[in-house]
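Colleague: First the structure, which I've put down as structure tokens, then a few questions once you've had a look.
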Amino acid sequence: MQTWSNRAARSARGAALVLLGSTMLAGCFDGSSSSSGSTEPELNTNLFPADGKLEATIRRTEGGVPHIKADNLKSAAFGHGYAQAQDNVCLLAEAVVKARSERSKYFGPGPDAGFGVGLNIVTDFSYKAQKIYSGAESELPTLSDESRALIEGFVEGYNRYITETDPATLPAECRSQQWVKTITPVDLLAHYRIVGQYASGNSFATGVAFLAVPPGVSPAPNPVAAVGASDAVEKLQQNVVKTALASAQSVQDFSDTGLASNAWGIGKTMTEQGRGALLANPHFPYTGHRRLYETQMTVPGYINVHGAGLLGTAIPLINFNENLAWSHTVTTSRRFTWYELVLKDGDDLTYVKDGQEKPITVETYQIEVAMPGMADPLVLERDFYFSEYGPMIAANAINPQLPAWGGNGALNSGKRIAMTYRDANANTGGLLDTWLQMSLAKNLTEFQDVFKNCGSTLWTNTTYADDQGNAFYIDSSSVPNLSDKAAALVNLRRLQPSYAGLFDQGVTLLDGSKSIEDWVETECGALTTYEQKPKLLRTDWVQNSNSSHWATNPSEFLTGYSPLYGDENAPINARTRLGIKMLQNPMASGFPSAPLIAGQDGKFSAEELLGVIWNNRAWYAEQLLPELRNRCNTIGTTPVDGRDLTPWCQALDNWDGLYNLDSKGAHIFRVFMANYLSDMDSDLTKPFSPADPVGTPALPNTQNAGTPADTMLQALSAGVGALQSQGIQPTDELGTLQYYRASGGAAPDSGDTPTFQMVGIPWHGGDGNIDGAFNAIGVVGSPVAEDTRLPRIAPSTIPNTAGLSDGSDGIDGWLMSRGTSWHFGLEFTENGPEAYGLVSYSQSSDPMSPYFKDQSQMYSDKMYRKLPFTEDEIAASLVTSGESTISSQ
């Protein structure tokens with residue numbers, strides 16, 4: 001192993017739909033554009049249509065999955081954009097409003113997301129400061145032909161749907177709304193810049209950057225002209241600052257993106273066919289822009305890929321083709337660094353680096369705000385401040401113990417400082433190129449070449465398998481390249497409790513007064529290269545469940561990498577421990593009632609890999625339930641904190657240890673764990689050992705075991721109290737208590753109240769953090785859909801229960817709205833890829849669509865579908881027959 005210093009409607013009506021459209025949009029590129037010379041470049045007909053017309057055939061199979069076939073990439077993207085708009089037009093339209101910094105213009109200043117009036121103003125300004133839209137304008141001319149084809153085609157497909165559809169027939173969230181309109185390639189590229197920063201700059205867009213002003217300067221925006229109702233404007237200014245501060249303070253852990261996943265790459269020694277296999281299990285939100293949308297895109301002789309991507313991405317992201325397959329998991333790597341700047345004496349807008357003075361520059365932005373009682377929008381203006389690294393930030397707004405602008409430095413004690421940050425994913429012009437090249441790869445070498453050529457998956461690991469039996473893992477995220485000295489300084493500073501605490505919250509603080517701590521340029525800009533990335537190639541297995549690269553496979557630990565990639569020789573999370581345990585012991589079921597994960601032969605098939613997800617095993621149950629049962633038996637009828645635990649202990653004694661719909665006792669163990677977790681680290685007596693990351697830490701303290709002073713029994717009693725408060729019984733089945741139930745139907749600016757849009761569907765699985773469940777699901781308390789301002793019904797929850805509703809607003813039990821989403825098991829066979837899976841929340845967010853809840857019911861019933869890939873498989877799975885032609889206007 002090398003050391004760090006050595007590595008630098010609507011398509012339900014027809015199964016086949018032919019779309020036609022022009023290739024030209026005002027202000028965008030055409031595939032046949034000529035160079036400055038007299039010779040016109042040869043048109044790449046794999047990418048662009050020779051006759052300038054776009055045409056795509058869309059066939060819908062079970063679950064409403066569009067299989068898009070076209071003669072060129074731009075036409076395929078055209079069909080993809082049309083299909084996504086059919087199924088999720090409101091979400092796509094709102095994403096563009098966000099990327100254009102126009103939420104305030106259309107939705108007003110707020111109230112939003114529980115923080116009070118003005119969050120739209122805060123984020124609109126912040127996205128301008130992060131160059132979301134202006135950066136997209138600059139990036140667009142630099143895009144590759146491939147990215148142009150994808151973006152322009154997707155935009156035209158979306159626009160085709162918008163122009164042909166009566167606004168009054170759109171879903172209620174955006175019905176007849178003026179913000180639903182045709183878009184441009186810049187709009188879509190700006191959305192990609194937000195996607196790229198989900199695990200970095202997005203955390204600074206809700207107040208941290210907005211509040212960054214020099215001493216004596218107010219962060220409140222000012223109207224550009226005199227307006228009426230000045231008292232209302234002054235009140236708004238005050239509320240905006242309060243909201244920005246509350247929002248900034250809500251971000252306490254920059255490493256917590258709210259996203260998680262499991263992924264296994266299985267090599268030829270552990271598959272039934274002697275080839276590769278893949279388990280893909282992203283845990284993403286069920287609402288908003290981070291929904292995953294399944295599609296197959298085929299250009300004969302060029303590309304044939306089946307997968308799912310985030311809404312708006314013109315090509316799927318978690319995919320398989322004829323020869324290889326891959327999935328992604330959110331990595332522990334760091335995509336941004338903070339810099340502490342030492343200010344010049346007496347000057348708040350100049351900092352000193354290596355003895356040289358450098359300016360903090362100022363840029364002025366304006367936004368429009370729809371104000372109640374005002375006929376015209378209010379135009380607000382704000383100055384924002386920048387260092388050479390990027391926007392300035394108000395670190396003290398997150399934690400008052402951190403220095404304010406002009407305060408005493410943490411790394412430069414006794415000196416006045418200001419804080420700024422640099423984001424590795426600030427520019428995402430190559431986003432589509434990376435995934436296109438991955439989709440075009442035919443073997444491991446070509447797949448690895450994507451990353452050797454500086455491809456990045458932004459904030460994820462990649463886990464891969466192929467038809468040759470290779471299993472490959474790489475942290476393929478964008479990671480700053482630090483010098484050996486800077487990396488050593490980070491490791492040294494982590495020995496200091498204050499720095500370590502900040503680092504554990506996802507912040508890497510560097511000294512901006514010394515260029516030695518700048519990112520070091522490589523052939524990949526200032527990011528680490530392929531040689532520097534953690535990676536592992538095996539013929540048995542590789543895995544990741546959001547722990548660091550270190551324990552990808554304990555038979556071959558990965559160590560010696562930059563500290564920005566994540567901890568090494570450190571504890572791994574519960575899902576990772578369970579995943580490795582299952583891979584190391586494929587013939588063990590965990591509990592007697594659980595199925596064998598790899599059948600009788602210890603080798604995996606596609607269906608068995610899907611079954612690994614759906615077997616609903618949980619790490620903490622397998623580790624702690626036997627001990628808890630013993631203590632229950634010892635305590636008997638003696639009360640603990642005034643409660644008789646006898647019936648609850650009996651239910652645990654009869655529980656199958658799983659999180660299936662018919663499991664009785666899972667809910668009790670969940671609330672026990674929700675209370676025990678805060679004491680578990682101190683209560684376990686067998687410490688973590690790097691030699692045994694799966695088996696340690698372990699063994700609860702036996703002091704006071706089986707008595708009213710027992711830490712485990714006290715946690716159980718506290719959890720039982722919460723269940724009793726809601727009238728939940730010991731013998732209730734889990735499926736009667738946890739469910740998926742979509743809500744919405746209200747536009748952001750309408751004043752309407754969201755409603756439930758379906759009857760609750762029982763939902764199997766467990767909380768990944770609290771239960772340690774592999775099939776991880778969870779509750780979300782936000783009153784808006786993820787990343788949007790679209791209202792949803794959010795539960796009010798009881799503390800230390802993993803999100804149990806308190807019964808208010810008619811919501812009971814656990815209302816699940818994140819977790820297992822697009823997921824599948826795949827094995828390569830002599831006939832090509834064979835895959836089975838689902839999109840748990842279904843393809844469409846439109847409650848009038850037949851694809852709104854069909855797959856959700858299938859998930860509940862554990863009825864998977866085969867993922868069609870070949871022409872014969874697609875034909876056999878068509879939901880209807882027929883073909884329509886839509887021509888451009």
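The chains in the structure tokens are called A, B, ... from first to last as shown; in each chain the residues are counted from 1, and the ligands are counted from 1 in the order shown.
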Wanna dump the segment 567-615 of chain A-segment 248-272 of chain A contacts at 10 Å for me, each residue with its shortest atom pair and the distance in Å to one decimal, counting only C-alpha atoms, ordered by chain and number, as a tab-separated table?

Modeller:
residue	atom	partner	partner_atom	distance
A:Arg575	CA	A:Asn262	CA	7.9
A:Thr576	CA	A:Asn262	CA	8.1
A:Gly579	CA	A:Asn262	CA	8.2
A:Ile580	CA	A:Trp264	CA	9.7
A:Leu583	CA	A:Trp264	CA	9.1
A:Pro586	CA	A:Met270	CA	9.4
A:Ala598	CA	A:Thr271	CA	9.0
A:Asp601	CA	A:Glu272	CA	8.2
A:Gly602	CA	A:Met270	CA	7.3
A:Lys603	CA	A:Met270	CA	4.7
A:Phe604	CA	A:Thr271	CA	4.6
A:Ser605	CA	A:Glu272	CA	5.8
A:Ala606	CA	A:Thr271	CA	9.0
A:Leu609	CA	A:Trp264	CA	8.9
A:Ile613	CA	A:Asn262	CA	9.0

Colleague: Kindly export the residues of the current selection with N, CA, C and O atoms, as a PDB file, in the first residue's frame.

Modeller:
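Below is the file again.pdb, written as the result:
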ATOM      1  N   ARG A 575     -24.589  -0.086   9.758  1.00  0.00           N
ATOM      2  CA  ARG A 575     -24.929  -0.727   8.483  1.00  0.00           C
ATOM      3  C   ARG A 575     -23.705  -1.366   7.850  1.00  0.00           C
ATOM      4  O   ARG A 575     -23.794  -2.437   7.228  1.00  0.00           O
ATOM      5  N   THR A 576     -22.552  -0.698   7.977  1.00  0.00           N
ATOM      6  CA  THR A 576     -21.320  -1.266   7.442  1.00  0.00           C
ATOM      7  C   THR A 576     -20.960  -2.546   8.179  1.00  0.00           C
ATOM      8  O   THR A 576     -20.568  -3.545   7.556  1.00  0.00           O
ATOM      9  N   GLY A 579     -23.317  -5.213   6.985  1.00  0.00           N
ATOM     10  CA  GLY A 579     -23.034  -5.606   5.613  1.00  0.00           C
ATOM     11  C   GLY A 579     -21.818  -6.506   5.518  1.00  0.00           C
ATOM     12  O   GLY A 579     -21.834  -7.535   4.819  1.00  0.00           O
ATOM     13  N   ILE A 580     -20.749  -6.140   6.198  1.00  0.00           N
ATOM     14  CA  ILE A 580     -19.544  -6.971   6.172  1.00  0.00           C
ATOM     15  C   ILE A 580     -19.813  -8.321   6.815  1.00  0.00           C
ATOM     16  O   ILE A 580     -19.355  -9.362   6.322  1.00  0.00           O
ATOM     17  N   LEU A 583     -21.513 -10.463   4.331  1.00  0.00           N
ATOM     18  CA  LEU A 583     -20.608 -10.882   3.263  1.00  0.00           C
ATOM     19  C   LEU A 583     -19.610 -11.921   3.754  1.00  0.00           C
ATOM     20  O   LEU A 583     -19.249 -12.850   3.017  1.00  0.00           O
ATOM     21  N   PRO A 586     -22.080 -15.566   4.490  1.00  0.00           N
ATOM     22  CA  PRO A 586     -23.276 -15.613   3.642  1.00  0.00           C
ATOM     23  C   PRO A 586     -24.206 -16.784   3.932  1.00  0.00           C
ATOM     24  O   PRO A 586     -25.345 -16.796   3.466  1.00  0.00           O
ATOM     25  N   ALA A 598     -27.559 -15.932   0.883  1.00  0.00           N
ATOM     26  CA  ALA A 598     -26.993 -16.434  -0.366  1.00  0.00           C
ATOM     27  C   ALA A 598     -27.438 -17.868  -0.633  1.00  0.00           C
ATOM     28  O   ALA A 598     -26.728 -18.650  -1.264  1.00  0.00           O
ATOM     29  N   ASP A 601     -25.864 -22.338  -1.306  1.00  0.00           N
ATOM     30  CA  ASP A 601     -24.523 -22.502  -1.875  1.00  0.00           C
ATOM     31  C   ASP A 601     -23.542 -21.430  -1.426  1.00  0.00           C
ATOM     32  O   ASP A 601     -22.354 -21.486  -1.756  1.00  0.00           O
ATOM     33  N   GLY A 602     -24.022 -20.430  -0.678  1.00  0.00           N
ATOM     34  CA  GLY A 602     -23.122 -19.369  -0.226  1.00  0.00           C
ATOM     35  C   GLY A 602     -22.696 -18.424  -1.315  1.00  0.00           C
ATOM     36  O   GLY A 602     -21.798 -17.602  -1.101  1.00  0.00           O
ATOM     37  N   LYS A 603     -23.348 -18.506  -2.471  1.00  0.00           N
ATOM     38  CA  LYS A 603     -23.021 -17.618  -3.582  1.00  0.00           C
ATOM     39  C   LYS A 603     -24.275 -16.868  -4.004  1.00  0.00           C
ATOM     40  O   LYS A 603     -25.386 -17.372  -3.893  1.00  0.00           O
ATOM     41  N   PHE A 604     -24.077 -15.658  -4.514  1.00  0.00           N
ATOM     42  CA  PHE A 604     -25.193 -14.752  -4.722  1.00  0.00           C
ATOM     43  C   PHE A 604     -25.736 -14.801  -6.146  1.00  0.00           C
ATOM     44  O   PHE A 604     -24.978 -14.882  -7.116  1.00  0.00           O
ATOM     45  N   SER A 605     -27.055 -14.692  -6.246  1.00  0.00           N
ATOM     46  CA  SER A 605     -27.740 -14.426  -7.505  1.00  0.00           C
ATOM     47  C   SER A 605     -28.343 -13.036  -7.429  1.00  0.00           C
ATOM     48  O   SER A 605     -28.330 -12.388  -6.371  1.00  0.00           O
ATOM     49  N   ALA A 606     -28.904 -12.570  -8.527  1.00  0.00           N
ATOM     50  CA  ALA A 606     -29.517 -11.240  -8.536  1.00  0.00           C
ATOM     51  C   ALA A 606     -30.664 -11.158  -7.544  1.00  0.00           C
ATOM     52  O   ALA A 606     -30.769 -10.190  -6.766  1.00  0.00           O
ATOM     53  N   LEU A 609     -29.497 -11.011  -3.958  1.00  0.00           N
ATOM     54  CA  LEU A 609     -28.952  -9.711  -3.561  1.00  0.00           C
ATOM     55  C   LEU A 609     -30.067  -8.734  -3.228  1.00  0.00           C
ATOM     56  O   LEU A 609     -29.963  -7.958  -2.270  1.00  0.00           O
ATOM     57  N   ILE A 613     -31.394  -6.886   0.886  1.00  0.00           N
ATOM     58  CA  ILE A 613     -32.019  -5.633   1.322  1.00  0.00           C
ATOM     59  C   ILE A 613     -33.326  -5.927   2.044  1.00  0.00           C
ATOM     60  O   ILE A 613     -33.583  -5.435   3.147  1.00  0.00           O
TER      61      ILE A 613
END

Colleague: If you run DSSP on the backbone, which residues of segment 390-543 of chain A are strand (DSSP E), as a PyMOL selection string?

Modeller: chain A and resi 392-393+407-408+416-423+460-466+471-475+509-511+535-538+541-543

Colleague: Can I get the selection written as a tab-separated table (two decimals), in the first residue's frame, with C-alpha atoms?

Modeller:
chain	number	residue	atom	x	y	z
A	392	MET	CA	-16.75	34.76	2.96
A	393	ILE	CA	-18.65	32.97	5.74
A	407	GLY	CA	-12.40	38.33	15.93
A	408	ASN	CA	-9.45	36.46	17.39
A	416	ARG	CA	-7.80	39.57	13.75
A	417	ILE	CA	-9.22	37.16	11.21
A	418	ALA	CA	-12.06	36.56	8.77
A	419	MET	CA	-13.36	33.24	7.44
A	420	THR	CA	-13.92	32.00	3.89
A	421	TYR	CA	-14.28	28.65	2.14
A	422	ARG	CA	-13.31	26.87	-1.05
A	423	ASP	CA	-15.57	24.26	-2.65
A	460	THR	CA	-19.97	9.71	-3.74
A	461	ASN	CA	-18.02	6.48	-3.75
A	462	THR	CA	-18.45	4.10	-6.67
A	463	THR	CA	-18.92	0.36	-6.23
A	464	TYR	CA	-18.67	-1.70	-9.42
A	465	ALA	CA	-19.04	-5.23	-10.82
A	466	ASP	CA	-18.69	-6.60	-14.34
A	471	ALA	CA	-15.48	-6.22	-8.00
A	472	PHE	CA	-14.06	-2.69	-7.75
A	473	TYR	CA	-14.40	0.17	-5.28
A	474	ILE	CA	-13.16	3.75	-5.54
A	475	ASP	CA	-13.80	6.95	-3.63
A	509	LEU	CA	-9.97	24.52	8.85
A	510	LEU	CA	-6.81	25.66	7.07
A	511	ASP	CA	-4.56	28.68	7.57
A	535	LYS	CA	-9.61	2.05	-4.38
A	536	LEU	CA	-9.73	-1.73	-4.23
A	537	LEU	CA	-10.08	-4.50	-6.81
A	538	ARG	CA	-11.17	-7.96	-5.65
A	541	TRP	CA	-16.35	-8.57	-2.76
A	542	VAL	CA	-16.13	-4.88	-2.03
A	543	GLN	CA	-18.74	-2.84	-0.18

Colleague: Separation of atom CA of Thr337 of chain A and atom CA of Ser126 of chain A, in Å?

Modeller: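 Distance reported for this atom pair: 18.0 Å.
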
Colleague: May I have the residues within 12 Å of Leu73 of chain A as a ChimeraX atom specification, using only C-alpha atoms and disregarding those fewer than 3 positions away in the same chain?

Modeller: /A:23,31,44-50,54-56,68-70,76-80,145-154,297-305,314-315,436,440

Colleague: Based on the backbone DSSP call, show me all residues of segment 316-461 of chain A assigned helix (DSSP H, G or I), as a count of residues only.

Modeller: 23

Colleague: Taking only C-alpha atoms into account, name the residue in A:Leu489, A:Leu349, A:Ala212, A:Leu245 that is nearest to Ala404 of chain A.

Modeller: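 Nearest to Ala404 of chain A: A:Ala212.
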
Colleague: Compile the contact shell of Pro850 of chain A as a short mmCIF file (atom, residue, chain, number, x, y, z; two decimals) with N, CA and C atoms, in the first residue's frame: residues with an atom at most 8 Å away, counting only C-alpha atoms, same-chain residues fewer than 3 positions apart removed.

Modeller:
data_model
loop_
_atom_site.label_atom_id
_atom_site.label_comp_id
_atom_site.auth_asym_id
_atom_site.auth_seq_id
_atom_site.Cartn_x
_atom_site.Cartn_y
_atom_site.Cartn_z
N ALA A 12 -48.53 7.32 -19.63
CA ALA A 12 -49.22 6.07 -19.30
C ALA A 12 -50.13 5.62 -20.45
N GLY A 64 -44.11 2.12 -15.11
CA GLY A 64 -44.02 3.39 -15.83
C GLY A 64 -42.62 3.78 -16.24
N PRO A 847 -50.15 12.78 -8.27
CA PRO A 847 -51.10 11.81 -7.73
C PRO A 847 -52.11 11.31 -8.75
N LYS A 853 -48.05 5.48 -7.16
CA LYS A 853 -47.90 4.63 -5.98
C LYS A 853 -47.86 3.15 -6.31
N ASP A 854 -47.77 2.80 -7.59
CA ASP A 854 -47.82 1.39 -7.97
C ASP A 854 -46.62 0.62 -7.44
#

Colleague: Quick one: residues within 6 Å of segment 512-528 of chain A, only C-alpha atoms counted, chain neighbours fewer than 4 positions away excluded, as a PyMOL selection string?

Modeller: chain A and resi 339-342+353-354+454+479-482+486+532

Colleague: Residues of the last selection are to be written out with all heavy atoms, as a short mmCIF file (atom, residue, chain, number, x, y, z; two decimals), in the first residue's frame.

Modeller:
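File produced: again-v7.cif:
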data_model
loop_
_atom_site.label_atom_id
_atom_site.label_comp_id
_atom_site.auth_asym_id
_atom_site.auth_seq_id
_atom_site.Cartn_x
_atom_site.Cartn_y
_atom_site.Cartn_z
N TYR A 339 -10.96 28.49 5.29
CA TYR A 339 -9.67 29.20 5.44
C TYR A 339 -9.82 30.35 6.43
O TYR A 339 -10.77 31.14 6.33
CB TYR A 339 -9.18 29.73 4.10
CG TYR A 339 -8.49 28.68 3.26
CD1 TYR A 339 -9.18 27.98 2.28
CD2 TYR A 339 -7.15 28.37 3.46
CE1 TYR A 339 -8.55 27.01 1.51
CE2 TYR A 339 -6.50 27.41 2.70
CZ TYR A 339 -7.22 26.73 1.74
OH TYR A 339 -6.58 25.76 0.99
N GLU A 340 -8.89 30.40 7.35
CA GLU A 340 -8.82 31.51 8.29
C GLU A 340 -7.86 32.55 7.73
O GLU A 340 -6.66 32.28 7.56
CB GLU A 340 -8.34 31.01 9.65
CG GLU A 340 -8.30 32.09 10.72
CD GLU A 340 -7.85 31.53 12.06
OE1 GLU A 340 -8.68 30.90 12.74
OE2 GLU A 340 -6.66 31.70 12.40
N LEU A 341 -8.39 33.73 7.41
CA LEU A 341 -7.58 34.81 6.83
C LEU A 341 -7.15 35.78 7.92
O LEU A 341 -7.96 36.16 8.77
CB LEU A 341 -8.40 35.57 5.77
CG LEU A 341 -9.07 34.73 4.67
CD1 LEU A 341 -9.87 35.64 3.74
CD2 LEU A 341 -8.03 33.93 3.89
N VAL A 342 -5.91 36.17 7.90
CA VAL A 342 -5.40 37.16 8.85
C VAL A 342 -5.57 38.54 8.24
O VAL A 342 -5.01 38.85 7.17
CB VAL A 342 -3.93 36.90 9.19
CG1 VAL A 342 -3.38 38.02 10.07
CG2 VAL A 342 -3.78 35.55 9.89
N LYS A 353 -1.20 37.34 3.28
CA LYS A 353 -0.82 35.96 3.00
C LYS A 353 0.63 35.94 2.55
O LYS A 353 1.00 36.62 1.59
CB LYS A 353 -1.73 35.37 1.92
CG LYS A 353 -1.43 33.94 1.52
CD LYS A 353 -2.45 33.48 0.49
CE LYS A 353 -2.17 32.09 0.00
NZ LYS A 353 -3.17 31.67 -1.01
N ASP A 354 1.44 35.17 3.25
CA ASP A 354 2.88 35.12 2.96
C ASP A 354 3.48 36.52 2.92
O ASP A 354 4.36 36.83 2.12
CB ASP A 354 3.14 34.42 1.63
CG ASP A 354 2.78 32.95 1.65
OD1 ASP A 354 2.76 32.36 2.74
OD2 ASP A 354 2.49 32.40 0.57
N CYS A 454 -9.73 12.23 -14.73
CA CYS A 454 -10.23 13.26 -13.80
C CYS A 454 -11.74 13.32 -13.69
O CYS A 454 -12.30 14.33 -13.23
CB CYS A 454 -9.67 14.65 -14.15
SG CYS A 454 -7.87 14.74 -14.15
N VAL A 479 -12.05 15.69 -4.15
CA VAL A 479 -11.35 15.92 -2.89
C VAL A 479 -10.19 16.88 -3.11
O VAL A 479 -9.38 16.68 -4.02
CB VAL A 479 -10.83 14.59 -2.30
CG1 VAL A 479 -9.99 14.83 -1.06
CG2 VAL A 479 -12.00 13.67 -1.98
N PRO A 480 -10.09 17.94 -2.32
CA PRO A 480 -8.98 18.88 -2.45
C PRO A 480 -7.64 18.18 -2.29
O PRO A 480 -7.48 17.30 -1.44
CB PRO A 480 -9.22 19.88 -1.32
CG PRO A 480 -10.68 19.79 -1.02
CD PRO A 480 -11.05 18.36 -1.26
N ASN A 481 -6.68 18.59 -3.08
CA ASN A 481 -5.33 18.02 -3.01
C ASN A 481 -4.46 18.88 -2.10
O ASN A 481 -4.07 19.99 -2.46
CB ASN A 481 -4.71 17.95 -4.41
CG ASN A 481 -3.36 17.26 -4.39
OD1 ASN A 481 -3.18 16.27 -3.69
ND2 ASN A 481 -2.41 17.80 -5.14
N LEU A 482 -4.18 18.38 -0.91
CA LEU A 482 -3.32 19.09 0.03
C LEU A 482 -1.87 18.63 -0.12
O LEU A 482 -1.60 17.48 -0.45
CB LEU A 482 -3.77 18.82 1.47
CG LEU A 482 -5.19 19.27 1.86
CD1 LEU A 482 -5.42 19.01 3.34
CD2 LEU A 482 -5.42 20.74 1.53
N ALA A 486 0.60 20.24 4.54
CA ALA A 486 -0.73 20.66 4.98
C ALA A 486 -1.51 19.48 5.55
O ALA A 486 -2.21 19.62 6.57
CB ALA A 486 -1.49 21.28 3.81
N GLN A 532 -4.16 8.94 -6.24
CA GLN A 532 -4.30 9.32 -4.84
C GLN A 532 -5.60 8.85 -4.20
O GLN A 532 -5.77 8.98 -2.99
CB GLN A 532 -4.21 10.85 -4.71
CG GLN A 532 -2.87 11.43 -5.12
CD GLN A 532 -2.94 12.94 -5.19
OE1 GLN A 532 -3.56 13.51 -6.08
NE2 GLN A 532 -2.31 13.61 -4.25
#

Colleague: Compile the contact shell of segment 765-770 of chain A as a list in words: residues with an atom at most 7 Å away, counting only C-alpha atoms, same-chain residues fewer than 5 positions apart removed.

Modeller: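 Returned residues: Arg575, Asn616, Tyr659, Asn660, Arg670, Met673, Ala674, Asn775, Ala776, Ile777, Gly778 and Ala802 of chain A.
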
Colleague: Put those residues in a file: N, CA and C atoms, as a PDB file, in the first residue's frame.

Modeller:
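Everything below was put into selection_10.pdb:
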ATOM      1  N   ARG A 575     -24.589  -0.086   9.758  1.00  0.00           N
ATOM      2  CA  ARG A 575     -24.929  -0.727   8.483  1.00  0.00           C
ATOM      3  C   ARG A 575     -23.705  -1.366   7.850  1.00  0.00           C
ATOM      4  N   ASN A 616     -34.385  -7.396   5.925  1.00  0.00           N
ATOM      5  CA  ASN A 616     -34.675  -6.495   7.044  1.00  0.00           C
ATOM      6  C   ASN A 616     -33.955  -6.856   8.337  1.00  0.00           C
ATOM      7  N   TYR A 659     -37.241  -6.454  10.761  1.00  0.00           N
ATOM      8  CA  TYR A 659     -38.100  -5.289  10.606  1.00  0.00           C
ATOM      9  C   TYR A 659     -39.047  -5.488   9.426  1.00  0.00           C
ATOM     10  N   ASN A 660     -39.733  -6.645   9.440  1.00  0.00           N
ATOM     11  CA  ASN A 660     -40.749  -6.955   8.453  1.00  0.00           C
ATOM     12  C   ASN A 660     -42.100  -6.405   8.893  1.00  0.00           C
ATOM     13  N   ARG A 670     -36.797  -0.544  18.776  1.00  0.00           N
ATOM     14  CA  ARG A 670     -36.426   0.751  18.193  1.00  0.00           C
ATOM     15  C   ARG A 670     -36.381   1.852  19.240  1.00  0.00           C
ATOM     16  N   MET A 673     -33.438   1.415  21.505  1.00  0.00           N
ATOM     17  CA  MET A 673     -32.175   1.858  20.921  1.00  0.00           C
ATOM     18  C   MET A 673     -32.100   3.385  20.848  1.00  0.00           C
ATOM     19  N   ALA A 674     -33.222   4.014  20.566  1.00  0.00           N
ATOM     20  CA  ALA A 674     -33.230   5.476  20.481  1.00  0.00           C
ATOM     21  C   ALA A 674     -32.807   6.107  21.801  1.00  0.00           C
ATOM     22  N   ASN A 775     -31.715  -2.230   5.436  1.00  0.00           N
ATOM     23  CA  ASN A 775     -32.782  -1.629   4.628  1.00  0.00           C
ATOM     24  C   ASN A 775     -33.255  -0.389   5.363  1.00  0.00           C
ATOM     25  N   ALA A 776     -32.517   0.695   5.190  1.00  0.00           N
ATOM     26  CA  ALA A 776     -32.682   1.869   6.048  1.00  0.00           C
ATOM     27  C   ALA A 776     -33.785   2.786   5.533  1.00  0.00           C
ATOM     28  N   ILE A 777     -34.675   3.163   6.430  1.00  0.00           N
ATOM     29  CA  ILE A 777     -35.728   4.131   6.141  1.00  0.00           C
ATOM     30  C   ILE A 777     -35.787   5.098   7.317  1.00  0.00           C
ATOM     31  N   GLY A 778     -36.550   6.184   7.179  1.00  0.00           N
ATOM     32  CA  GLY A 778     -36.591   7.127   8.278  1.00  0.00           C
ATOM     33  C   GLY A 778     -37.642   8.204   8.103  1.00  0.00           C
ATOM     34  N   ALA A 802     -36.832   7.814  17.292  1.00  0.00           N
ATOM     35  CA  ALA A 802     -36.585   7.659  15.855  1.00  0.00           C
ATOM     36  C   ALA A 802     -37.710   8.248  15.021  1.00  0.00           C
TER      37      ALA A 802
END

Colleague: As a PyMOL selection string, please: the residues near Leu189 of chain A (cut-off 8 Å, only C-alpha atoms, same-chain neighbours under 2 positions excluded).

Modeller: chain A and resi 136+140+151+185-187+191-193+429

Colleague: For atom CA of Gly201 of chain A and atom CA of Ala426 of chain A, quote the distance in Å rounded to one decimal.

Modeller: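 Computed distance, atom CA of Gly201 of chain A to atom CA of Ala426 of chain A, equals 7.5 Å.
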
Colleague: Which of these residues is nearest to Pro285 of chain A, using only C-alpha atoms: A:Asn319, A:Ser782, A:Gln178, A:Ser456?

Modeller: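 The closest residue to Pro285 of chain A is A:Ser782.
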